[in-house]
file target_14.cif (mmCIF, C-alpha atoms and all ligand atoms)
data_target
loop_
_atom_site.group_PDB
_atom_site.id
_atom_site.type_symbol
_atom_site.label_atom_id
_atom_site.label_comp_id
_atom_site.auth_asym_id
_atom_site.auth_seq_id
_atom_site.Cartn_x
_atom_site.Cartn_y
_atom_site.Cartn_z
ATOM 1 C CA MET A 1 -67.262 -121.610 -66.720
ATOM 2 C CA ASP A 2 -65.482 -119.222 -64.351
ATOM 3 C CA SER A 3 -67.650 -119.432 -61.252
ATOM 4 C CA GLN A 4 -64.986 -119.006 -58.567
ATOM 5 C CA GLY A 5 -63.098 -116.027 -59.927
ATOM 6 C CA ALA A 6 -59.641 -116.870 -58.536
ATOM 7 C CA ASP A 7 -57.929 -115.945 -61.819
ATOM 8 C CA LEU A 8 -59.873 -112.782 -62.487
ATOM 9 C CA PRO A 9 -58.136 -109.407 -62.762
ATOM 10 C CA GLU A 10 -58.304 -107.391 -59.533
ATOM 11 C CA HIS A 11 -60.892 -104.856 -60.815
ATOM 12 C CA VAL A 12 -63.127 -107.681 -62.094
ATOM 13 C CA ARG A 13 -63.011 -109.411 -58.685
ATOM 14 C CA ARG A 14 -63.840 -106.170 -56.911
ATOM 15 C CA ASN A 15 -66.709 -105.394 -59.264
ATOM 16 C CA ARG A 16 -68.067 -108.907 -58.830
ATOM 17 C CA GLU A 17 -68.127 -108.485 -55.061
ATOM 18 C CA VAL A 18 -69.966 -105.175 -55.337
ATOM 19 C CA TRP A 19 -72.447 -106.270 -58.018
ATOM 20 C CA ASP A 20 -73.237 -109.493 -56.142
ATOM 21 C CA THR A 21 -74.562 -107.325 -53.303
ATOM 22 C CA ARG A 22 -76.770 -105.273 -55.633
ATOM 23 C CA HIS A 23 -79.929 -107.307 -55.670
ATOM 24 C CA GLY A 24 -83.216 -107.418 -53.829
ATOM 25 C CA ALA A 25 -86.660 -105.929 -54.327
ATOM 26 C CA TRP A 26 -85.600 -102.698 -56.098
ATOM 27 C CA PHE A 27 -83.504 -104.583 -58.669
ATOM 28 C CA GLY A 28 -86.223 -107.195 -59.206
ATOM 29 C CA ALA A 29 -88.913 -104.555 -59.791
ATOM 30 C CA LYS A 30 -86.625 -102.546 -62.073
ATOM 31 C CA ALA A 31 -85.747 -105.632 -64.125
ATOM 32 C CA ARG A 32 -89.415 -106.607 -64.480
ATOM 33 C CA ALA A 33 -90.353 -103.106 -65.661
ATOM 34 C CA GLN A 34 -87.480 -103.099 -68.189
ATOM 35 C CA TRP A 35 -88.383 -106.534 -69.547
ATOM 36 C CA ALA A 36 -92.041 -105.505 -69.899
ATOM 37 C CA ALA A 37 -91.280 -102.253 -71.735
ATOM 38 C CA GLU A 38 -90.495 -101.368 -75.326
ATOM 39 C CA PRO A 39 -86.791 -100.610 -75.927
ATOM 40 C CA HIS A 40 -85.631 -97.395 -74.260
ATOM 41 C CA TRP A 41 -82.218 -96.202 -73.199
ATOM 42 C CA GLY A 42 -80.222 -94.970 -70.280
ATOM 43 C CA ILE A 43 -81.216 -93.253 -67.095
ATOM 44 C CA TRP A 44 -83.702 -90.964 -68.915
ATOM 45 C CA ALA A 45 -85.480 -93.914 -70.560
ATOM 46 C CA THR A 46 -85.246 -92.300 -74.004
ATOM 47 C CA PRO A 47 -87.362 -94.385 -76.401
ATOM 48 C CA GLN A 48 -85.681 -96.276 -79.239
ATOM 49 C CA SER A 49 -87.678 -94.121 -81.710
ATOM 50 C CA GLU A 50 -85.781 -91.027 -80.454
ATOM 51 C CA LEU A 51 -82.468 -92.719 -79.713
ATOM 52 C CA PRO A 52 -81.900 -95.577 -82.179
ATOM 53 C CA VAL A 53 -79.434 -97.752 -80.288
ATOM 54 C CA LEU A 54 -80.523 -101.188 -81.518
ATOM 55 C CA PRO A 55 -80.098 -101.713 -85.276
ATOM 56 C CA ASP A 56 -83.335 -102.036 -87.297
ATOM 57 C CA ASP A 57 -82.356 -105.300 -88.944
ATOM 58 C CA LEU A 58 -81.805 -107.672 -86.016
ATOM 59 C CA ALA A 59 -83.721 -110.633 -87.423
ATOM 60 C CA GLY A 60 -81.466 -113.683 -87.620
ATOM 61 C CA LYS A 61 -78.442 -111.878 -86.172
ATOM 62 C CA ASP A 62 -76.169 -113.374 -83.502
ATOM 63 C CA LEU A 63 -75.810 -110.783 -80.739
ATOM 64 C CA ILE A 64 -73.713 -110.761 -77.575
ATOM 65 C CA GLU A 65 -74.503 -108.448 -74.678
ATOM 66 C CA LEU A 66 -71.324 -107.723 -72.729
ATOM 67 C CA GLY A 67 -72.267 -107.103 -69.100
ATOM 68 C CA CYS A 68 -75.939 -107.982 -69.616
ATOM 69 C CA GLY A 69 -77.067 -107.474 -66.010
ATOM 70 C CA THR A 70 -80.711 -108.438 -65.788
ATOM 71 C CA GLY A 71 -80.811 -109.115 -69.528
ATOM 72 C CA TYR A 72 -83.515 -106.775 -70.778
ATOM 73 C CA VAL A 73 -81.493 -105.462 -73.760
ATOM 74 C CA SER A 74 -80.983 -109.052 -74.912
ATOM 75 C CA ALA A 75 -84.694 -109.712 -74.378
ATOM 76 C CA TRP A 76 -85.586 -106.738 -76.607
ATOM 77 C CA ALA A 77 -83.136 -108.044 -79.226
ATOM 78 C CA ALA A 78 -84.667 -111.549 -79.020
ATOM 79 C CA ARG A 79 -88.145 -110.120 -79.579
ATOM 80 C CA ALA A 80 -86.766 -108.356 -82.680
ATOM 81 C CA GLY A 81 -85.625 -111.729 -84.043
ATOM 82 C CA ALA A 82 -81.975 -111.788 -82.922
ATOM 83 C CA ARG A 83 -80.244 -114.738 -81.237
ATOM 84 C CA PRO A 84 -78.725 -113.112 -78.131
ATOM 85 C CA VAL A 85 -76.184 -114.412 -75.647
ATOM 86 C CA GLY A 86 -75.624 -112.486 -72.408
ATOM 87 C CA ILE A 87 -72.482 -112.549 -70.305
ATOM 88 C CA ASP A 88 -72.233 -110.978 -66.864
ATOM 89 C CA ASN A 89 -69.738 -110.968 -64.017
ATOM 90 C CA SER A 90 -72.403 -111.200 -61.293
ATOM 91 C CA GLU A 91 -74.218 -114.447 -60.523
ATOM 92 C CA HIS A 92 -76.871 -112.440 -58.683
ATOM 93 C CA GLN A 93 -77.620 -110.275 -61.706
ATOM 94 C CA LEU A 94 -77.858 -113.412 -63.820
ATOM 95 C CA ALA A 95 -80.225 -115.022 -61.317
ATOM 96 C CA THR A 96 -82.591 -112.090 -61.835
ATOM 97 C CA ALA A 97 -82.142 -112.392 -65.617
ATOM 98 C CA ARG A 98 -83.044 -116.111 -65.422
ATOM 99 C CA GLN A 99 -86.123 -115.338 -63.346
ATOM 100 C CA MET A 100 -87.215 -112.746 -65.951
ATOM 101 C CA GLN A 101 -86.683 -115.293 -68.728
ATOM 102 C CA GLN A 102 -89.129 -117.604 -66.971
ATOM 103 C CA GLU A 103 -91.664 -114.896 -66.220
ATOM 104 C CA PHE A 104 -91.645 -113.460 -69.756
ATOM 105 C CA GLY A 105 -91.139 -116.709 -71.688
ATOM 106 C CA VAL A 106 -88.072 -115.410 -73.547
ATOM 107 C CA SER A 107 -84.977 -117.506 -73.207
ATOM 108 C CA PHE A 108 -81.379 -117.200 -74.396
ATOM 109 C CA PRO A 109 -77.984 -118.357 -73.081
ATOM 110 C CA LEU A 110 -76.581 -116.527 -70.059
ATOM 111 C CA LEU A 111 -72.883 -116.922 -69.242
ATOM 112 C CA HIS A 112 -71.263 -116.143 -65.907
ATOM 113 C CA GLY A 113 -67.897 -114.559 -66.618
ATOM 114 C CA ASN A 114 -65.720 -111.613 -67.482
ATOM 115 C CA ALA A 115 -66.574 -109.714 -70.667
ATOM 116 C CA GLU A 116 -62.853 -109.068 -71.144
ATOM 117 C CA SER A 117 -62.390 -112.780 -71.857
ATOM 118 C CA VAL A 118 -65.508 -114.407 -73.298
ATOM 119 C CA PRO A 119 -65.686 -118.207 -73.758
ATOM 120 C CA CYS A 120 -66.976 -118.028 -77.333
ATOM 121 C CA PRO A 121 -65.124 -118.651 -80.602
ATOM 122 C CA ASP A 122 -63.705 -115.897 -82.794
ATOM 123 C CA ALA A 123 -66.143 -114.277 -85.225
ATOM 124 C CA SER A 124 -69.279 -115.798 -83.711
ATOM 125 C CA PHE A 125 -71.471 -112.664 -83.524
ATOM 126 C CA ASP A 126 -72.901 -109.981 -85.807
ATOM 127 C CA VAL A 127 -73.595 -107.468 -83.031
ATOM 128 C CA ALA A 128 -71.880 -106.782 -79.685
ATOM 129 C CA ILE A 129 -73.698 -104.407 -77.352
ATOM 130 C CA SER A 130 -73.146 -102.961 -73.908
ATOM 131 C CA GLU A 131 -75.485 -100.622 -72.064
ATOM 132 C CA HIS A 132 -73.505 -99.409 -69.038
ATOM 133 C CA GLY A 133 -72.120 -102.972 -68.805
ATOM 134 C CA ALA A 134 -68.615 -103.871 -69.996
ATOM 135 C CA VAL A 135 -68.219 -100.329 -71.280
ATOM 136 C CA SER A 136 -68.432 -98.957 -67.723
ATOM 137 C CA TRP A 137 -66.862 -101.772 -65.670
ATOM 138 C CA CYS A 138 -64.241 -103.407 -67.890
ATOM 139 C CA ASP A 139 -60.835 -102.120 -68.913
ATOM 140 C CA PRO A 140 -61.366 -100.701 -72.409
ATOM 141 C CA TYR A 141 -57.949 -101.987 -73.520
ATOM 142 C CA ALA A 142 -59.188 -105.511 -72.721
ATOM 143 C CA TRP A 143 -62.891 -105.553 -73.638
ATOM 144 C CA ILE A 144 -62.789 -103.591 -76.921
ATOM 145 C CA PRO A 145 -60.213 -105.935 -78.556
ATOM 146 C CA GLU A 146 -62.248 -108.840 -77.152
ATOM 147 C CA ALA A 147 -65.397 -107.467 -78.817
ATOM 148 C CA ALA A 148 -63.425 -107.201 -82.077
ATOM 149 C CA ARG A 149 -62.404 -110.862 -81.726
ATOM 150 C CA LEU A 150 -66.000 -111.951 -81.151
ATOM 151 C CA LEU A 151 -67.446 -110.051 -84.106
ATOM 152 C CA ARG A 152 -67.596 -111.216 -87.692
ATOM 153 C CA PRO A 153 -66.168 -108.880 -90.336
ATOM 154 C CA GLY A 154 -68.756 -106.155 -90.886
ATOM 155 C CA GLY A 155 -70.232 -106.769 -87.424
ATOM 156 C CA GLU A 156 -71.394 -103.892 -85.255
ATOM 157 C CA LEU A 157 -70.210 -102.770 -81.819
ATOM 158 C CA ILE A 158 -72.659 -100.547 -79.949
ATOM 159 C CA PHE A 159 -72.225 -99.116 -76.476
ATOM 160 C CA LEU A 160 -73.958 -96.606 -74.262
ATOM 161 C CA ARG A 161 -71.924 -95.072 -71.455
ATOM 162 C CA ASP A 162 -71.778 -92.011 -69.217
ATOM 163 C CA SER A 163 -70.363 -89.062 -71.152
ATOM 164 C CA THR A 164 -66.784 -87.976 -70.661
ATOM 165 C CA LEU A 165 -68.063 -84.641 -69.363
ATOM 166 C CA LEU A 166 -70.224 -86.367 -66.762
ATOM 167 C CA ALA A 167 -67.264 -88.484 -65.637
ATOM 168 C CA LEU A 168 -65.291 -85.264 -65.125
ATOM 169 C CA CYS A 169 -68.036 -83.501 -63.169
ATOM 170 C CA VAL A 170 -69.590 -86.217 -60.998
ATOM 171 C CA PRO A 171 -68.503 -86.451 -57.350
ATOM 172 C CA ASP A 172 -68.210 -89.754 -55.503
ATOM 173 C CA GLU A 173 -71.670 -89.129 -54.053
ATOM 174 C CA GLY A 174 -74.463 -86.858 -55.221
ATOM 175 C CA PRO A 175 -75.211 -85.223 -58.563
ATOM 176 C CA ALA A 176 -72.805 -83.793 -61.136
ATOM 177 C CA GLY A 177 -72.170 -80.089 -60.779
ATOM 178 C CA ARG A 178 -70.611 -77.421 -62.974
ATOM 179 C CA THR A 179 -67.081 -77.927 -61.706
ATOM 180 C CA LEU A 180 -64.482 -80.220 -63.225
ATOM 181 C CA LEU A 181 -63.538 -82.606 -60.422
ATOM 182 C CA ARG A 182 -60.896 -84.741 -62.082
ATOM 183 C CA GLU A 183 -58.276 -84.423 -64.765
ATOM 184 C CA GLN A 184 -59.102 -85.641 -68.253
ATOM 185 C CA ALA A 185 -55.413 -86.165 -68.981
ATOM 186 C CA GLY A 186 -54.719 -89.849 -68.404
ATOM 187 C CA MET A 187 -58.296 -90.624 -67.317
ATOM 188 C CA ARG A 188 -59.023 -94.360 -67.576
ATOM 189 C CA ARG A 189 -59.717 -96.114 -64.242
ATOM 190 C CA ILE A 190 -61.894 -94.612 -61.501
ATOM 191 C CA ASP A 191 -61.886 -96.207 -58.034
ATOM 192 C CA ASN A 192 -65.190 -95.662 -56.237
ATOM 193 C CA SER A 193 -65.672 -95.380 -52.469
ATOM 194 C CA ASP A 194 -67.808 -98.575 -52.407
ATOM 195 C CA GLY A 195 -64.830 -100.613 -53.675
ATOM 196 C CA SER A 196 -66.050 -100.879 -57.277
ATOM 197 C CA VAL A 197 -63.942 -99.794 -60.241
ATOM 198 C CA ASN A 198 -65.244 -97.887 -63.269
ATOM 199 C CA PHE A 199 -63.491 -97.121 -66.509
ATOM 200 C CA SER A 200 -63.921 -93.982 -68.568
ATOM 201 C CA LEU A 201 -61.710 -93.332 -71.565
ATOM 202 C CA PRO A 202 -61.884 -89.847 -73.129
ATOM 203 C CA HIS A 203 -62.827 -89.431 -76.780
ATOM 204 C CA GLY A 204 -59.361 -89.253 -78.369
ATOM 205 C CA PRO A 205 -57.960 -92.410 -76.766
ATOM 206 C CA MET A 206 -61.267 -94.216 -77.348
ATOM 207 C CA VAL A 207 -61.277 -93.386 -81.072
ATOM 208 C CA ARG A 208 -57.678 -94.594 -81.388
ATOM 209 C CA LEU A 209 -58.396 -97.769 -79.414
ATOM 210 C CA LEU A 210 -61.363 -98.572 -81.669
ATOM 211 C CA ARG A 211 -59.251 -97.964 -84.772
ATOM 212 C CA ASP A 212 -56.328 -100.032 -83.449
ATOM 213 C CA SER A 213 -58.722 -102.871 -82.578
ATOM 214 C CA GLY A 214 -60.067 -103.047 -86.137
ATOM 215 C CA PHE A 215 -63.163 -100.845 -85.907
ATOM 216 C CA LEU A 216 -64.413 -97.986 -88.022
ATOM 217 C CA LEU A 217 -66.326 -95.450 -85.932
ATOM 218 C CA GLU A 218 -69.728 -94.804 -87.539
ATOM 219 C CA ASP A 219 -71.533 -92.640 -85.003
ATOM 220 C CA LEU A 220 -71.220 -90.936 -81.657
ATOM 221 C CA ILE A 221 -74.562 -89.722 -80.353
ATOM 222 C CA GLU A 222 -74.496 -87.377 -77.374
ATOM 223 C CA VAL A 223 -77.523 -88.035 -75.195
ATOM 224 C CA TYR A 224 -79.288 -85.146 -73.487
ATOM 225 C CA ALA A 225 -82.252 -85.649 -71.184
ATOM 226 C CA PRO A 226 -85.573 -85.361 -72.987
ATOM 227 C CA GLU A 227 -87.811 -82.517 -71.790
ATOM 228 C CA ASN A 228 -89.630 -83.348 -68.535
ATOM 229 C CA ALA A 229 -87.775 -86.658 -68.194
ATOM 230 C CA SER A 230 -87.188 -88.148 -64.765
ATOM 231 C CA THR A 231 -84.822 -90.706 -63.359
ATOM 232 C CA ASP A 232 -84.355 -92.904 -60.280
ATOM 233 C CA PHE A 233 -80.626 -92.218 -60.332
ATOM 234 C CA ASP A 234 -79.037 -89.480 -58.259
ATOM 235 C CA TYR A 235 -75.725 -88.854 -60.023
ATOM 236 C CA VAL A 236 -77.065 -86.303 -62.481
ATOM 237 C CA ASP A 237 -80.180 -84.131 -62.485
ATOM 238 C CA LEU A 238 -82.488 -82.994 -65.253
ATOM 239 C CA GLU A 239 -81.240 -79.384 -65.331
ATOM 240 C CA TRP A 240 -77.639 -80.568 -65.893
ATOM 241 C CA ALA A 241 -78.543 -83.182 -68.483
ATOM 242 C CA ARG A 242 -80.742 -80.795 -70.482
ATOM 243 C CA GLN A 243 -77.649 -78.592 -70.992
ATOM 244 C CA TRP A 244 -74.844 -81.124 -71.276
ATOM 245 C CA PRO A 245 -74.875 -84.714 -72.562
ATOM 246 C CA SER A 246 -75.016 -87.152 -69.654
ATOM 247 C CA ALA A 247 -74.485 -90.175 -71.887
ATOM 248 C CA GLU A 248 -73.010 -91.200 -75.227
ATOM 249 C CA VAL A 249 -73.936 -93.901 -77.733
ATOM 250 C CA TRP A 250 -70.997 -95.154 -79.784
ATOM 251 C CA LYS A 251 -71.414 -97.269 -82.939
ATOM 252 C CA ALA A 252 -68.458 -98.863 -84.672
ATOM 253 C CA ARG A 253 -68.136 -101.400 -87.479
ATOM 254 C CA ARG A 254 -65.636 -104.301 -87.519
ATOM 255 C CA VAL A 255 -63.700 -103.753 -90.704
ATOM 256 C CA GLU A 256 -63.974 -106.506 -93.312
HETATM 257 C C1 LIG B 301 -75.331 -101.071 -64.676
HETATM 258 S S1 LIG B 301 -75.397 -102.786 -65.057
HETATM 259 C C2 LIG B 301 -75.726 -102.672 -66.771
HETATM 260 C C3 LIG B 301 -76.286 -103.934 -67.346
HETATM 261 C C4 LIG B 301 -77.722 -103.853 -67.842
HETATM 262 N N1 LIG B 301 -77.901 -102.833 -68.830
HETATM 263 C C5 LIG B 301 -78.622 -103.647 -66.651
HETATM 264 O O1 LIG B 301 -78.937 -102.478 -66.348
HETATM 265 O O2 LIG B 301 -79.028 -104.629 -66.010
HETATM 266 C C6 LIG B 301 -73.677 -103.263 -65.034
HETATM 267 C C7 LIG B 301 -73.467 -104.747 -65.188
HETATM 268 O O3 LIG B 301 -72.125 -104.954 -65.617
HETATM 269 C C8 LIG B 301 -71.699 -106.166 -65.017
HETATM 270 N N2 LIG B 301 -70.237 -106.287 -65.059
HETATM 271 C C9 LIG B 301 -69.340 -105.604 -64.324
HETATM 272 N N3 LIG B 301 -68.091 -106.006 -64.647
HETATM 273 C C10 LIG B 301 -68.213 -106.959 -65.602
HETATM 274 C C11 LIG B 301 -67.292 -107.782 -66.311
HETATM 275 N N4 LIG B 301 -65.973 -107.680 -66.113
HETATM 276 N N5 LIG B 301 -67.794 -108.664 -67.196
HETATM 277 C C12 LIG B 301 -69.124 -108.790 -67.407
HETATM 278 N N6 LIG B 301 -70.042 -108.042 -66.752
HETATM 279 C C13 LIG B 301 -69.601 -107.138 -65.873
HETATM 280 C C14 LIG B 301 -72.265 -106.077 -63.617
HETATM 281 O O4 LIG B 301 -72.237 -107.337 -62.964
HETATM 282 C C15 LIG B 301 -73.641 -105.524 -63.894
HETATM 283 O O5 LIG B 301 -74.581 -106.542 -64.064
#
call {"tool": "encode", "arguments": {"input": "target_14.cif", "output": "structure tokens", "more": "lines below"}}
Ligand SMILES: C[S@@+](CC[C@H](N)C(=O)[O-])C[C@H]1O[C@@H](n2cnc3c(N)ncnc32)[C@H](O)[C@@H]1O
result
Amino acid sequence: MDSQGADLPEHVRRNREVWDTRHGAWFGAKARAQWAAEPHWGIWATPQSELPVLPDDLAGKDLIELGCGTGYVSAWAARAGARPVGIDNSEHQLATARQMQQEFGVSFPLLHGNAESVPCPDASFDVAISEHGAVSWCDPYAWIPEAARLLRPGGELIFLRDSTLLALCVPDEGPAGRTLLREQAGMRRIDNSDGSVNFSLPHGPMVRLLRDSGFLLEDLIEVYAPENASTDFDYVDLEWARQWPSAEVWKARRVE
């Protein structure tokens, strides 16, 4: 499928260029550690037992990971008995995912493409999941309706993203502070100084988009940093994330 990218939307092309440069030893080591570990979530590595992102009953379920990166979430789902498929915009990320599949002996289909337009039939999955993947890098008005198309009635959409508050407080470089740096009114697309494009839709518009796309919102978990947690990432520190949620887990059900 789509390996050249000539027809991709502008933000998808830009994000592909940036993500195709994000590889090398750090990414390889990070991917290997994630694949080797039990499920845990976000930049604070909160264990699944404290932050239940993956459903309990994955056995036999068809799952698509939208923006799968190095594929560890799909690997965890496969070990729990699901049949995952990963799609990612970056061939380099997928190359690392393929290498991990070989090293860990867990294999599932990996597609190179845009999660806003997935080459799979309607209603072919029971679960669609994104951990800082499509949810952070795709236009919500494109990828959420696409997730609805891909899910069977009763299927579950799960995503973990930076919180709205973090998006408002984080500067282009360095950690989030206590000052609001951008307007929430109209917030949707954020152009970064490295040429990449993020998307962050505030709560009200996101709830309405989910509803209009055929979802029923079942949960919104605000994620604070666990006590004494640490992170490799520099855009938020422990003191901030102990007081304000740095991330959010959303769970929505495709209506029957
Ligand atoms: C922060 S990573 C998150 C993925 C995974 N959880 C990980 O950490 O490896 C973001 C991923 O989203 C992918 N991505 C960005 N835009 C995308 C798009 N339009 N379609 C599919 N994947 C996309 C990037 O290539 C990257 O692999």
call {"tool": "resolve_selection", "arguments": {"input": "target_14.cif", "expression": "the PyMOL selection byres (((chain A and resi 121) around 12) and not hetatm)", "output": "number ranges by chain"}}
result
A: 117-120, 122-125, 146-152
call {"tool": "residues_near_ligand", "arguments": {"input": "target_14.cif", "ligand": "ligand LIG 301 (chain B)", "cutoff": "7 Å", "atoms": "all atoms listed in the file", "output": "ChimeraX atom specification"}}
result
/A:12,15-16,19,66-73,87-90,93,113-116,130-134,137-138
call {"tool": "write_last_selection", "arguments": {"input": "target_14.cif", "atoms": "C-alpha atoms", "output": "PDB file, in the frame of the given file"}}
result
ATOM      1  CA  VAL A  12     -63.127-107.681 -62.094  1.00  0.00           C
ATOM      2  CA  ASN A  15     -66.709-105.394 -59.264  1.00  0.00           C
ATOM      3  CA  ARG A  16     -68.067-108.907 -58.830  1.00  0.00           C
ATOM      4  CA  TRP A  19     -72.447-106.270 -58.018  1.00  0.00           C
ATOM      5  CA  LEU A  66     -71.324-107.723 -72.729  1.00  0.00           C
ATOM      6  CA  GLY A  67     -72.267-107.103 -69.100  1.00  0.00           C
ATOM      7  CA  CYS A  68     -75.939-107.982 -69.616  1.00  0.00           C
ATOM      8  CA  GLY A  69     -77.067-107.474 -66.010  1.00  0.00           C
ATOM      9  CA  THR A  70     -80.711-108.438 -65.788  1.00  0.00           C
ATOM     10  CA  GLY A  71     -80.811-109.115 -69.528  1.00  0.00           C
ATOM     11  CA  TYR A  72     -83.515-106.775 -70.778  1.00  0.00           C
ATOM     12  CA  VAL A  73     -81.493-105.462 -73.760  1.00  0.00           C
ATOM     13  CA  ILE A  87     -72.482-112.549 -70.305  1.00  0.00           C
ATOM     14  CA  ASP A  88     -72.233-110.978 -66.864  1.00  0.00           C
ATOM     15  CA  ASN A  89     -69.738-110.968 -64.017  1.00  0.00           C
ATOM     16  CA  SER A  90     -72.403-111.200 -61.293  1.00  0.00           C
ATOM     17  CA  GLN A  93     -77.620-110.275 -61.706  1.00  0.00           C
ATOM     18  CA  GLY A 113     -67.897-114.559 -66.618  1.00  0.00           C
ATOM     19  CA  ASN A 114     -65.720-111.613 -67.482  1.00  0.00           C
ATOM     20  CA  ALA A 115     -66.574-109.714 -70.667  1.00  0.00           C
ATOM     21  CA  GLU A 116     -62.853-109.068 -71.144  1.00  0.00           C
ATOM     22  CA  SER A 130     -73.146-102.961 -73.908  1.00  0.00           C
ATOM     23  CA  GLU A 131     -75.485-100.622 -72.064  1.00  0.00           C
ATOM     24  CA  HIS A 132     -73.505 -99.409 -69.038  1.00  0.00           C
ATOM     25  CA  GLY A 133     -72.120-102.972 -68.805  1.00  0.00           C
ATOM     26  CA  ALA A 134     -68.615-103.871 -69.996  1.00  0.00           C
ATOM     27  CA  TRP A 137     -66.862-101.772 -65.670  1.00  0.00           C
ATOM     28  CA  CYS A 138     -64.241-103.407 -67.890  1.00  0.00           C
TER      29      CYS A 138
END
call {"tool": "residues_around", "arguments": {"input": "target_14.cif", "residues": "stretch 96-99 of chain A", "least_positions_apart": "2", "cutoff": "12 Å", "atoms": "all atoms listed in the file", "output": "tab-separated table (two decimals) with C-alpha atoms, keeping the file's coordinate frame"}}
result
chain	number	residue	atom	x	y	z
A	20	ASP	CA	-73.24	-109.49	-56.14
A	22	ARG	CA	-76.77	-105.27	-55.63
A	23	HIS	CA	-79.93	-107.31	-55.67
A	24	GLY	CA	-83.22	-107.42	-53.83
A	25	ALA	CA	-86.66	-105.93	-54.33
A	26	TRP	CA	-85.60	-102.70	-56.10
A	27	PHE	CA	-83.50	-104.58	-58.67
A	28	GLY	CA	-86.22	-107.20	-59.21
A	29	ALA	CA	-88.91	-104.56	-59.79
A	30	LYS	CA	-86.62	-102.55	-62.07
A	31	ALA	CA	-85.75	-105.63	-64.12
A	32	ARG	CA	-89.42	-106.61	-64.48
A	34	GLN	CA	-87.48	-103.10	-68.19
A	35	TRP	CA	-88.38	-106.53	-69.55
A	67	GLY	CA	-72.27	-107.10	-69.10
A	68	CYS	CA	-75.94	-107.98	-69.62
A	69	GLY	CA	-77.07	-107.47	-66.01
A	70	THR	CA	-80.71	-108.44	-65.79
A	71	GLY	CA	-80.81	-109.12	-69.53
A	72	TYR	CA	-83.52	-106.78	-70.78
A	73	VAL	CA	-81.49	-105.46	-73.76
A	74	SER	CA	-80.98	-109.05	-74.91
A	75	ALA	CA	-84.69	-109.71	-74.38
A	85	VAL	CA	-76.18	-114.41	-75.65
A	86	GLY	CA	-75.62	-112.49	-72.41
A	87	ILE	CA	-72.48	-112.55	-70.31
A	88	ASP	CA	-72.23	-110.98	-66.86
A	90	SER	CA	-72.40	-111.20	-61.29
A	91	GLU	CA	-74.22	-114.45	-60.52
A	92	HIS	CA	-76.87	-112.44	-58.68
A	93	GLN	CA	-77.62	-110.28	-61.71
A	94	LEU	CA	-77.86	-113.41	-63.82
A	101	GLN	CA	-86.68	-115.29	-68.73
A	102	GLN	CA	-89.13	-117.60	-66.97
A	103	GLU	CA	-91.66	-114.90	-66.22
A	104	PHE	CA	-91.64	-113.46	-69.76
A	105	GLY	CA	-91.14	-116.71	-71.69
A	106	VAL	CA	-88.07	-115.41	-73.55
A	107	SER	CA	-84.98	-117.51	-73.21
A	108	PHE	CA	-81.38	-117.20	-74.40
A	109	PRO	CA	-77.98	-118.36	-73.08
A	110	LEU	CA	-76.58	-116.53	-70.06
A	111	LEU	CA	-72.88	-116.92	-69.24
A	112	HIS	CA	-71.26	-116.14	-65.91
call {"tool": "closest_atom_pairs", "arguments": {"input": "target_14.cif", "of": "stretch 134-179 of chain A", "to": "stretch 227-241 of chain A", "cutoff": "12 Å", "atoms": "all atoms listed in the file", "output": "Markdown table"}}
result
| residue | atom | partner | partner_atom | distance |
| --- | --- | --- | --- | --- |
| A:Asp162 | CA | A:Val236 | CA | 10.3 |
| A:Ser163 | CA | A:Ala241 | CA | 10.4 |
| A:Leu165 | CA | A:Ala241 | CA | 10.6 |
| A:Leu166 | CA | A:Val236 | CA | 8.1 |
| A:Ala167 | CA | A:Tyr235 | CA | 10.2 |
| A:Cys169 | CA | A:Val236 | CA | 9.5 |
| A:Val170 | CA | A:Tyr235 | CA | 6.7 |
| A:Pro171 | CA | A:Tyr235 | CA | 8.1 |
| A:Asp172 | CA | A:Tyr235 | CA | 8.8 |
| A:Glu173 | CA | A:Tyr235 | CA | 7.2 |
| A:Gly174 | CA | A:Tyr235 | CA | 5.4 |
| A:Pro175 | CA | A:Tyr235 | CA | 3.9 |
| A:Ala176 | CA | A:Val236 | CA | 5.1 |
| A:Gly177 | CA | A:Trp240 | CA | 7.5 |
| A:Arg178 | CA | A:Trp240 | CA | 8.2 |
| A:Thr179 | CA | A:Trp240 | CA | 11.7 |
call {"tool": "residues_around", "arguments": {"input": "target_14.cif", "residues": "stretch 210-212 of chain A", "least_positions_apart": "6", "cutoff": "12 Å", "atoms": "all atoms listed in the file", "output": "count of residues only"}}
result
22
call {"tool": "atom_distance", "arguments": {"input": "target_14.cif", "atom1": "atom CA of A:Ser49", "atom2": "atom CA of A:Asp62"}}
result
22.5 Å
call {"tool": "axis_aligned_box", "arguments": {"input": "target_14.cif", "around": "stretch 127-137 of chain A", "padding_each_side": "4 Å", "output": "JSON"}}
result
{"center_x": -71.2, "center_y": -103.2, "center_z": -74.4, "size_x": 16.6, "size_y": 16.5, "size_z": 25.4}
call {"tool": "residues_near_point", "arguments": {"input": "target_14.cif", "point": "(-61.9, -85.3, -60.7)", "cutoff": "7 Å", "atoms": "only C-alpha atoms", "output": "list in words"}}
result
Leu168, Cys169, Leu180, Leu181, Arg182 and Glu183 of chain A
call {"tool": "closest_residue", "arguments": {"input": "target_14.cif", "among": "A:His11, A:Ala45, A:Ser213, A:Phe159", "to": "A:Arg189", "atoms": "all atoms listed in the file"}}
result
A:His11
call {"tool": "closest_residue", "arguments": {"input": "target_14.cif", "among": "A:Pro226, A:Gly214, A:Gly60, A:Gly186", "to": "A:Trp244", "atoms": "all atoms listed in the file"}}
result
A:Pro226
call {"tool": "atom_distance", "arguments": {"input": "target_14.cif", "atom1": "atom CA of A:Arg161", "atom2": "atom CA of A:Thr46"}}
result
13.8 Å
call {"tool": "atom_distance", "arguments": {"input": "target_14.cif", "atom1": "atom CA of A:Thr164", "atom2": "atom CA of A:Pro9"}}
result
24.4 Å
